[in-house]
Structures are given as structure tokens and as C-alpha cells.
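Shown below: structure-v9.txt, with compact mmCIF, C-alpha atoms.
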# COMPACT_ATOMS: atom_id res chain seq x y z
CA MET A 1 -59.52 37.90 51.64
CA PRO A 2 -56.43 37.82 53.93
CA LYS A 3 -56.78 39.63 57.25
CA ASP A 4 -54.25 41.28 59.57
CA GLY A 5 -55.89 42.47 62.77
CA ASN A 6 -58.74 44.75 61.76
CA ASN A 7 -57.24 45.58 58.36
CA THR A 8 -58.21 43.70 55.24
CA HIS A 9 -55.78 43.45 52.33
CA ASP A 10 -56.60 43.63 48.66
CA GLY A 11 -54.75 44.16 45.41
CA ILE A 12 -51.18 45.00 44.42
CA LEU A 13 -48.96 48.02 44.94
CA VAL A 14 -46.18 48.15 42.33
CA LEU A 15 -42.90 50.05 42.61
CA ALA A 16 -41.34 50.07 39.15
CA GLY A 17 -38.46 51.57 37.24
CA LYS A 18 -36.73 51.38 33.87
CA GLN A 19 -37.38 48.65 31.29
CA VAL A 20 -37.82 45.79 33.76
CA GLY A 21 -40.44 47.77 35.66
CA LEU A 22 -42.26 48.66 32.46
CA GLU A 23 -42.32 45.10 31.13
CA LEU A 24 -43.44 43.48 34.37
CA THR A 25 -46.11 46.08 35.08
CA ALA A 26 -47.42 45.56 31.55
CA TYR A 27 -47.45 41.80 32.20
CA LEU A 28 -49.56 42.19 35.33
CA LEU A 29 -52.04 44.39 33.49
CA GLU A 30 -52.22 41.91 30.59
CA GLN A 31 -52.99 39.17 33.13
CA ARG A 32 -55.73 41.37 34.66
CA ALA A 33 -53.96 41.24 38.01
CA PRO A 34 -55.53 43.53 40.64
CA VAL A 35 -53.00 46.37 40.40
CA ARG A 36 -54.39 49.14 42.59
CA HIS A 37 -51.54 51.62 42.45
CA VAL A 38 -48.16 52.08 40.75
CA LEU A 39 -45.24 54.22 41.94
CA ALA A 40 -42.80 55.01 39.14
CA ALA A 41 -39.19 55.28 40.31
CA THR A 42 -38.56 58.65 38.63
CA ALA A 43 -40.13 61.10 36.22
CA GLU A 44 -37.91 59.56 33.52
CA ASP A 45 -40.11 56.45 33.54
CA ALA A 46 -42.37 58.16 31.02
CA ALA A 47 -43.47 54.99 29.21
CA LEU A 48 -44.57 53.44 32.51
CA LEU A 49 -46.53 56.55 33.47
CA THR A 50 -48.22 56.58 30.07
CA LEU A 51 -49.08 52.86 30.23
CA CYS A 52 -50.77 53.20 33.61
CA ARG A 53 -52.71 56.30 32.65
CA GLU A 54 -53.93 54.69 29.43
CA ARG A 55 -55.07 51.63 31.40
CA GLY A 56 -56.75 53.69 34.11
CA VAL A 57 -54.37 52.55 36.87
CA PRO A 58 -53.56 55.15 39.54
CA VAL A 59 -49.89 56.10 39.16
CA ASP A 60 -47.54 58.57 40.84
CA ILE A 61 -43.84 59.26 41.00
CA PHE A 62 -42.25 57.78 44.11
CA SER A 63 -41.97 60.10 47.11
CA ALA A 64 -42.10 59.87 50.89
CA ARG A 65 -45.25 61.97 50.81
CA LYS A 66 -47.02 59.54 48.50
CA LEU A 67 -46.01 56.59 50.68
CA ALA A 68 -47.51 58.38 53.68
CA GLU A 69 -50.74 58.92 51.76
CA LEU A 70 -50.90 55.27 50.75
CA ALA A 71 -50.35 54.23 54.37
CA LYS A 72 -53.69 55.84 55.25
CA MET A 73 -55.59 53.87 52.60
CA ARG A 74 -57.97 51.05 53.47
CA PRO A 75 -57.91 48.29 52.60
CA ARG A 76 -54.16 47.93 52.49
CA PHE A 77 -52.47 45.86 49.80
CA THR A 78 -52.07 42.10 49.57
CA TRP A 79 -48.79 42.45 47.63
CA LEU A 80 -46.06 45.04 47.30
CA LEU A 81 -43.96 44.22 44.23
CA ASN A 82 -40.66 45.95 43.56
CA PHE A 83 -39.78 45.86 39.85
CA TRP A 84 -36.34 47.49 39.54
CA SER A 85 -37.14 50.53 41.67
CA PRO A 86 -34.00 51.68 43.54
CA HIS A 87 -35.79 53.14 46.56
CA VAL A 88 -35.12 51.52 49.93
CA LEU A 89 -38.20 51.15 52.11
CA ASP A 90 -38.35 51.25 55.88
CA ALA A 91 -40.46 48.95 58.05
CA ALA A 92 -43.43 51.34 58.05
CA ALA A 93 -43.53 51.41 54.25
CA LEU A 94 -43.31 47.62 54.03
CA ARG A 95 -46.35 47.35 56.29
CA LEU A 96 -48.39 48.76 53.40
CA ALA A 97 -48.78 45.16 52.21
CA GLU A 98 -49.21 41.70 53.66
CA HIS A 99 -46.58 40.21 51.30
CA ARG A 100 -43.59 41.92 49.69
CA LEU A 101 -41.48 40.67 46.77
CA ASN A 102 -38.41 42.10 45.08
CA VAL A 103 -36.98 40.96 41.74
CA HIS A 104 -33.24 40.73 42.32
CA PRO A 105 -30.56 40.13 39.63
CA THR A 106 -28.28 37.81 41.62
CA LEU A 107 -28.18 34.29 42.94
CA ALA A 108 -28.81 35.49 46.50
CA PRO A 109 -27.05 35.67 48.89
CA HIS A 110 -24.27 36.38 46.38
CA CYS A 111 -23.79 40.07 45.54
CA ARG A 112 -26.45 41.68 47.67
CA GLY A 113 -26.69 45.44 47.27
CA ASN A 114 -25.54 47.51 44.30
CA ASP A 115 -23.86 46.88 40.94
CA ASN A 116 -24.61 43.19 41.00
CA ALA A 117 -23.35 42.31 37.52
CA ALA A 118 -20.05 44.10 38.07
CA TRP A 119 -19.32 42.28 41.31
CA THR A 120 -20.43 38.92 39.96
CA ILE A 121 -17.75 39.20 37.27
CA ARG A 122 -15.23 40.87 39.54
CA ARG A 123 -15.37 38.07 42.12
CA GLY A 124 -16.00 35.21 39.71
CA LEU A 125 -19.29 34.33 41.43
CA PRO A 126 -22.25 32.43 39.98
CA ALA A 127 -24.82 34.67 38.34
CA GLY A 128 -28.54 34.27 38.73
CA VAL A 129 -31.92 35.81 39.42
CA SER A 130 -33.93 35.64 42.63
CA LEU A 131 -37.41 36.57 43.80
CA ILE A 132 -36.98 37.55 47.43
CA GLU A 133 -39.02 38.89 50.32
CA MET A 134 -38.36 42.57 50.92
CA THR A 135 -36.80 43.47 54.27
CA PRO A 136 -36.49 46.92 55.86
CA ALA A 137 -33.40 49.10 55.86
CA PRO A 138 -30.63 48.95 56.96
CA GLY A 139 -30.69 45.30 55.84
CA ILE A 140 -29.78 44.79 52.18
CA ASP A 141 -31.47 42.05 50.12
CA GLU A 142 -31.64 39.70 53.12
CA GLY A 143 -35.18 38.40 52.60
CA ASP A 144 -36.33 34.82 52.20
CA VAL A 145 -36.26 33.40 48.68
CA TYR A 146 -39.48 32.57 46.83
CA ALA A 147 -37.58 31.22 43.84
CA GLN A 148 -34.21 31.58 42.13
CA ARG A 149 -32.33 30.30 39.11
CA GLU A 150 -28.69 30.27 38.15
CA VAL A 151 -27.85 32.04 34.89
CA LYS A 152 -24.79 30.81 33.03
CA TYR A 153 -22.36 33.35 31.61
CA VAL A 154 -19.15 32.83 29.72
CA PHE A 155 -15.81 34.60 30.08
CA PRO A 156 -15.09 37.16 28.77
CA MET A 157 -18.28 39.13 29.39
CA ARG A 158 -18.56 42.86 30.02
CA GLY A 159 -20.52 44.16 32.99
CA ALA A 160 -23.03 45.79 30.65
CA GLU A 161 -23.62 42.50 28.82
CA LEU A 162 -24.23 40.51 32.01
CA HIS A 163 -26.47 43.28 33.34
CA ALA A 164 -28.61 43.13 30.19
CA LEU A 165 -28.73 39.32 30.32
CA LEU A 166 -29.91 39.33 33.94
CA GLN A 167 -32.61 41.89 33.14
CA ARG A 168 -33.99 39.64 30.41
CA GLU A 169 -33.82 36.62 32.69
CA ILE A 170 -35.57 38.29 35.62
CA VAL A 171 -38.51 39.35 33.45
CA GLY A 172 -39.05 35.83 32.14
CA PHE A 173 -38.45 34.23 35.53
CA PHE A 174 -41.02 36.42 37.29
CA LYS A 175 -43.64 35.65 34.64
CA GLU A 176 -42.94 31.95 35.08
CA GLN A 177 -43.07 31.97 38.88
CA TRP A 178 -45.71 34.60 39.70
CA PRO A 179 -48.82 32.43 39.15
CA GLY A 180 -47.68 29.93 41.77
CA ILE A 181 -46.42 32.58 44.18
CA SER A 182 -49.57 34.70 44.01
CA ALA A 183 -51.73 31.62 44.47
CA GLY A 184 -49.91 30.78 47.70
CA ARG A 185 -48.34 27.59 46.40
CA VAL A 186 -44.77 28.75 47.12
CA THR A 187 -43.31 29.08 50.63
CA PRO A 188 -40.27 31.37 50.82
CA ARG A 189 -37.16 29.88 52.38
CA PRO A 190 -34.16 31.51 54.07
CA GLN A 191 -31.12 32.32 51.96
CA THR A 192 -28.27 29.87 52.34
CA GLY A 193 -24.61 29.93 51.41
CA PRO A 194 -21.80 32.50 51.55
CA VAL A 195 -22.94 36.13 51.74
CA THR A 196 -21.35 38.95 49.78
CA THR A 197 -22.68 42.51 49.92
CA PHE A 198 -21.53 45.55 47.98
CA ARG A 199 -22.50 49.20 48.12
CA ARG A 200 -22.06 51.88 45.47
CA GLN A 201 -19.07 53.32 47.31
CA ASP A 202 -17.38 49.91 47.09
CA THR A 203 -17.84 49.94 43.33
CA GLU A 204 -16.52 53.47 42.94
CA ALA A 205 -13.47 52.68 45.05
CA ASP A 206 -12.75 49.49 43.11
CA ARG A 207 -13.10 50.86 39.58
CA LYS A 208 -10.68 53.77 40.12
CA ARG A 209 -7.05 52.68 40.37
CA GLY A 210 -3.62 54.24 40.24
CA GLY A 211 -1.18 53.51 37.45
CA ASP A 212 1.22 51.81 39.87
CA ASP A 213 -1.36 49.36 41.23
CA VAL A 214 -0.37 45.75 40.69
CA MET A 215 -2.81 42.94 39.87
CA PRO A 216 -2.33 39.50 38.34
CA LEU A 217 -3.16 39.61 34.62
CA ARG A 218 -6.38 37.59 34.88
CA GLU A 219 -7.64 39.78 37.73
CA TRP A 220 -6.75 42.91 35.75
CA ILE A 221 -8.76 41.64 32.78
CA THR A 222 -11.83 40.76 34.84
CA TRP A 223 -11.54 44.11 36.68
CA ALA A 224 -11.68 46.01 33.38
CA LEU A 225 -14.52 43.86 32.03
CA ALA A 226 -16.59 44.04 35.23
CA HIS A 227 -16.68 47.83 35.26
CA ASP A 228 -17.30 48.25 31.51
CA PHE A 229 -20.86 49.55 31.36
CA SER A 230 -20.79 52.61 29.10
CA PRO A 231 -18.36 55.22 27.79
CA ARG A 232 -19.05 57.21 30.96
CA THR A 233 -18.81 54.26 33.36
CA THR A 234 -15.69 52.16 32.94
CA ALA A 235 -12.66 51.14 34.93
CA GLU A 236 -10.45 54.18 35.47
CA VAL A 237 -6.69 54.50 35.89
CA GLU A 238 -4.59 57.53 36.85
CA LEU A 239 -1.40 58.00 34.84
CA ASN A 240 0.91 61.03 34.95
CA GLY A 241 -1.63 63.02 36.91
CA LYS A 242 -4.47 62.36 34.46
CA ARG A 243 -7.38 59.92 34.70
CA TYR A 244 -8.30 57.66 31.78
CA GLY A 245 -11.28 55.43 31.14
CA LEU A 246 -10.19 51.89 30.40
CA THR A 247 -11.88 49.25 28.25
CA ILE A 248 -10.44 46.11 26.70
CA SER A 249 -11.41 43.81 23.87
CA LEU A 250 -10.50 40.14 23.91
CA GLN A 251 -10.60 38.27 20.62
CA PRO A 252 -10.11 34.48 20.49
CA LEU A 253 -7.21 33.47 18.27
CA ARG A 254 -7.48 30.81 15.58
CA GLN A 255 -6.13 27.46 16.70
CA ASP A 256 -4.18 26.57 13.55
With the file now loaded, output its structure as C-alpha cells.
Amino acid sequence: MPKDGNNTHDGILVLAGKQVGLELTAYLLEQRAPVRHVLAATAEDAALLTLCRERGVPVDIFSARKLAELAKMRPRFTWLLNFWSPHVLDAAALRLAEHRLNVHPTLAPHCRGNDNAAWTIRRGLPAGVSLIEMTPAPGIDEGDVYAQREVKYVFPMRGAELHALLQREIVGFFKEQWPGISAGRVTPRPQTGPVTTFRRQDTEADRKRGGDDVMPLREWITWALAHDFSPRTTAEVELNGKRYGLTISLQPLRQD
């Protein structure tokens, strides 16, 4: 069993949210992985809460109080796995485990931070999925890479479509890579290449434009596509004092 000073480490702490969190937690349980505790991202993760309770796995909704309680547990955890939970952990929380891994829907270091699919399209960057070491705030997705894979996407693609594609890819990629990572056969390596980082406020500022803003046609099209996630989350434009949600549909023409 790995040792760190006088503390032994054993088992897995999972932070999980939404469908990705549900599917990957279910995978670990199917593989009889030593999941000792699960923290659901929110109370809305009802299926995850039910799964853990049915399987007899201790589960709680994420809170600072629960993290403090877990910090007092012995032994601590061998792994902390973040499956689509949005909560940012500080250095003290990361010390709950000897190793920490986050499933990240970009080809890091491209598009660190928030709204990864939107910014991948918006900037015309390569898409991908990465399994990265978790680092404490205020750093954003800066950790070493255990494994990553580029995911091809074809113009035109809406932000919602790329987001869904990357979710499917990250689930399959983790299942493929986890046996080697957990067995210690994979050494994480530093991220290389150009870094881009985006926060939620960057996304909100970019998707809301005035009617007199000028963009080249191709940029305007990719702007509208990138921010098209749902009827309530689209590109927005202000015209005559009113704001309008904006979506577009591109249809290829027959080449007669």
C-alpha cells in the first residue's frame, strides 16, 4: 500500500456530476474498484445518489463541511477522481489523496477552464479529451497529462453537438486508459503547446453582441454556432433596444 509520511492511502474518492459522472462511477463499481466514498456535485444528481446507495457505497452531496470531515479520515485515499464535477478544490482538499485525476473535455492545454466546446469552435482549435492531474486553485486545468486523444469534428457543428460528442469520448477514453493508469504503468507528462484559458465571464461577454458589431462572415457563423447550446443559451444580439437569441442553420447545397 502506498505511504506518505505516517499516513497510508487506500481506495478511491470520486467527485461526480451529470451523465459523465454517473456513467464513470457505474463503470468503477462494475469493475469492483475500491470506491470508498462518492461526492455528488449537486442534489440534482439523483441517479448517481441512488446508484451509490443501492450498491452500499457511502455518498454525500458536495460541501466544504463534507470535505473537512473526509480530511480527518484515516487511511486517506489513493485516488481522487473528478468525473464532471464543477467544484474547484484547494490544496488542502487535494491532499485527501495521493493521486488526483480529472477528466477534461479538451486537448489540453487548449481551452482550459469553462465552456470548452464553445471556445474550441469559436477559435477553430483542435478538439480532444484529456486525463490530467488536478492542481489547486487559482490554477485552471494546468496539471500533467496522463493521456489524451484528439477528437475530429467537422464544420459546421453547434456547441451543443461538440459538447455531447466530447462527453461520449471522455467516458470511453477513461475506461480505456484507467486500467493502465491505476496500475501505475502511465507516467503523467507536462502539458505542451500553446495555452488558451477561458472563464465563464469570457463566454458571457463574447456571446452577447450589439447589432452594429462587425465580424467577417465566417467568424460570424462560427460565433453563432459556438454559442448554440439550448433555446436559453445561444448567441445574443441587441437590435433596436431589444435582445434576441440567435441561431443559424447551414444546409449544404446540391452540386448540380
For Gly17 (chain A): contacts at 8 Å, only C-alpha atoms, fewer than 5 positions along chain excluded, given as a PDB file with C-alpha atoms, in the frame of the given file:
ATOM      1  CA  LEU A  22     -42.260  48.660  32.460  1.00  0.00           C
ATOM      2  CA  ALA A  40     -42.800  55.010  39.140  1.00  0.00           C
ATOM      3  CA  ALA A  41     -39.190  55.280  40.310  1.00  0.00           C
ATOM      4  CA  THR A  42     -38.560  58.650  38.630  1.00  0.00           C
ATOM      5  CA  ASP A  45     -40.110  56.450  33.540  1.00  0.00           C
ATOM      6  CA  LEU A  48     -44.570  53.440  32.510  1.00  0.00           C
ATOM      7  CA  PHE A  83     -39.780  45.860  39.850  1.00  0.00           C
ATOM      8  CA  TRP A  84     -36.340  47.490  39.540  1.00  0.00           C
ATOM      9  CA  SER A  85     -37.140  50.530  41.670  1.00  0.00           C
ATOM     10  CA  PRO A  86     -34.000  51.680  43.540  1.00  0.00           C
TER      11      PRO A  86
END
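Here the question is which of A:Pro109, A:Pro75, A:Phe155, A:Ser230 gets nearest to Pro252 (chain A) using all atoms listed in the file, and that residue is A:Phe155.
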With a distance cut-off of 10 Å and all atoms listed in the file, select the neighbouring residues of Val88 (chain A), excluding the residue or stretch itself and same-chain residues fewer than 4 positions from it, and output the selection as a VMD selection string. chain A and resid 93 to 94 134 to 140
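Pairwise distance (CA of Asp202 (chain A), CA of Pro216 (chain A)) equals 20.3 Å.
The two atoms in question, CA of Leu49 (chain A) and CA of Ala33 (chain A), are spaced 17.6 Å apart.
Each of A:Gly21, A:Gly193, A:Pro58, A:Gly128 was compared to Val38 (chain A) using all atoms listed in the file, and A:Pro58 turns out to be the nearest.
Between His163 (chain A) and the candidates A:Gln191, A:Ser182, A:Asn116, A:Thr247, the tightest atom-to-atom separation, counting all atoms listed in the file, involves A:Asn116.
In this structure, CA of Glu44 (chain A) sits 13.7 Å away from CA of Val59 (chain A).
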Using all atoms listed in the file, the best pick from A:Leu217, A:Leu51, A:Leu80, A:Ala117 as closest to Leu29 (chain A) would be A:Leu51
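If all atoms listed in the file are the atoms counted, then among A:Leu166, A:Leu131, A:Ala91, A:Cys111 the closest residue to Asp144 (chain A) is A:Leu131.
Each of A:Asp90, A:Arg53, A:Pro188, A:Ala118 was compared to Ala164 (chain A) using all atoms listed in the file, and A:Ala118 turns out to be the nearest.
Look at everything within 7 Å of (-15.8, 40.4, 26.4) using only C-alpha atoms, and the residues you get are Phe155, Pro156, Met157, Arg158, Leu225, Ser249 and Leu250 of chain A.
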Could you pull the residues within 12 Å of Arg95 (chain A), counting all atoms listed in the file, minus those fewer than 4 positions along the same chain, as a compact mmCIF listing (two decimals) with C-alpha atoms, in the frame of the given file?
# COMPACT_ATOMS: atom_id res chain seq x y z
CA ASP A 4 -54.25 41.28 59.57
CA ASN A 7 -57.24 45.58 58.36
CA HIS A 9 -55.78 43.45 52.33
CA LEU A 13 -48.96 48.02 44.94
CA LEU A 67 -46.01 56.59 50.68
CA ALA A 68 -47.51 58.38 53.68
CA LEU A 70 -50.90 55.27 50.75
CA ALA A 71 -50.35 54.23 54.37
CA LYS A 72 -53.69 55.84 55.25
CA MET A 73 -55.59 53.87 52.60
CA ARG A 76 -54.16 47.93 52.49
CA PHE A 77 -52.47 45.86 49.80
CA THR A 78 -52.07 42.10 49.57
CA TRP A 79 -48.79 42.45 47.63
CA LEU A 80 -46.06 45.04 47.30
CA LEU A 89 -38.20 51.15 52.11
CA ASP A 90 -38.35 51.25 55.88
CA ALA A 91 -40.46 48.95 58.05
CA HIS A 99 -46.58 40.21 51.30
CA ARG A 100 -43.59 41.92 49.69
CA MET A 134 -38.36 42.57 50.92
CA THR A 135 -36.80 43.47 54.27
CA PRO A 136 -36.49 46.92 55.86
So for region 14-29 of chain A, what box centre and size do we get, axis-aligned, 8 Å extra on each of the six sides, every listed atom, Å to one decimal, as JSON?
{"center_x": -44.4, "center_y": 46.7, "center_z": 36.9, "size_x": 31.3, "size_y": 25.8, "size_z": 27.5}
Excluding region 205-209 of chain A and residues on its chain fewer than 4 positions from it, collect all residues at most 7 Å away from it, counting all atoms listed in the file, and give them as a PyMOL selection string. chain A and resi 201+213+227+235-238
Could you give me, as an mmCIF file with C-alpha atoms, in the coordinates of the input, the residues within 12 Å of Thr192 (chain A), counting all atoms listed in the file and dropping anything in the same chain fewer than 4 positions from it?
data_model
loop_
_atom_site.group_PDB
_atom_site.id
_atom_site.type_symbol
_atom_site.label_atom_id
_atom_site.label_comp_id
_atom_site.auth_asym_id
_atom_site.auth_seq_id
_atom_site.Cartn_x
_atom_site.Cartn_y
_atom_site.Cartn_z
ATOM 1 C CA LEU A 107 -28.180 34.290 42.940
ATOM 2 C CA ALA A 108 -28.810 35.490 46.500
ATOM 3 C CA PRO A 109 -27.050 35.670 48.890
ATOM 4 C CA HIS A 110 -24.270 36.380 46.380
ATOM 5 C CA GLU A 142 -31.640 39.700 53.120
ATOM 6 C CA GLY A 143 -35.180 38.400 52.600
ATOM 7 C CA ASP A 144 -36.330 34.820 52.200
ATOM 8 C CA VAL A 145 -36.260 33.400 48.680
ATOM 9 C CA GLN A 148 -34.210 31.580 42.130
ATOM 10 C CA THR A 196 -21.350 38.950 49.780
#
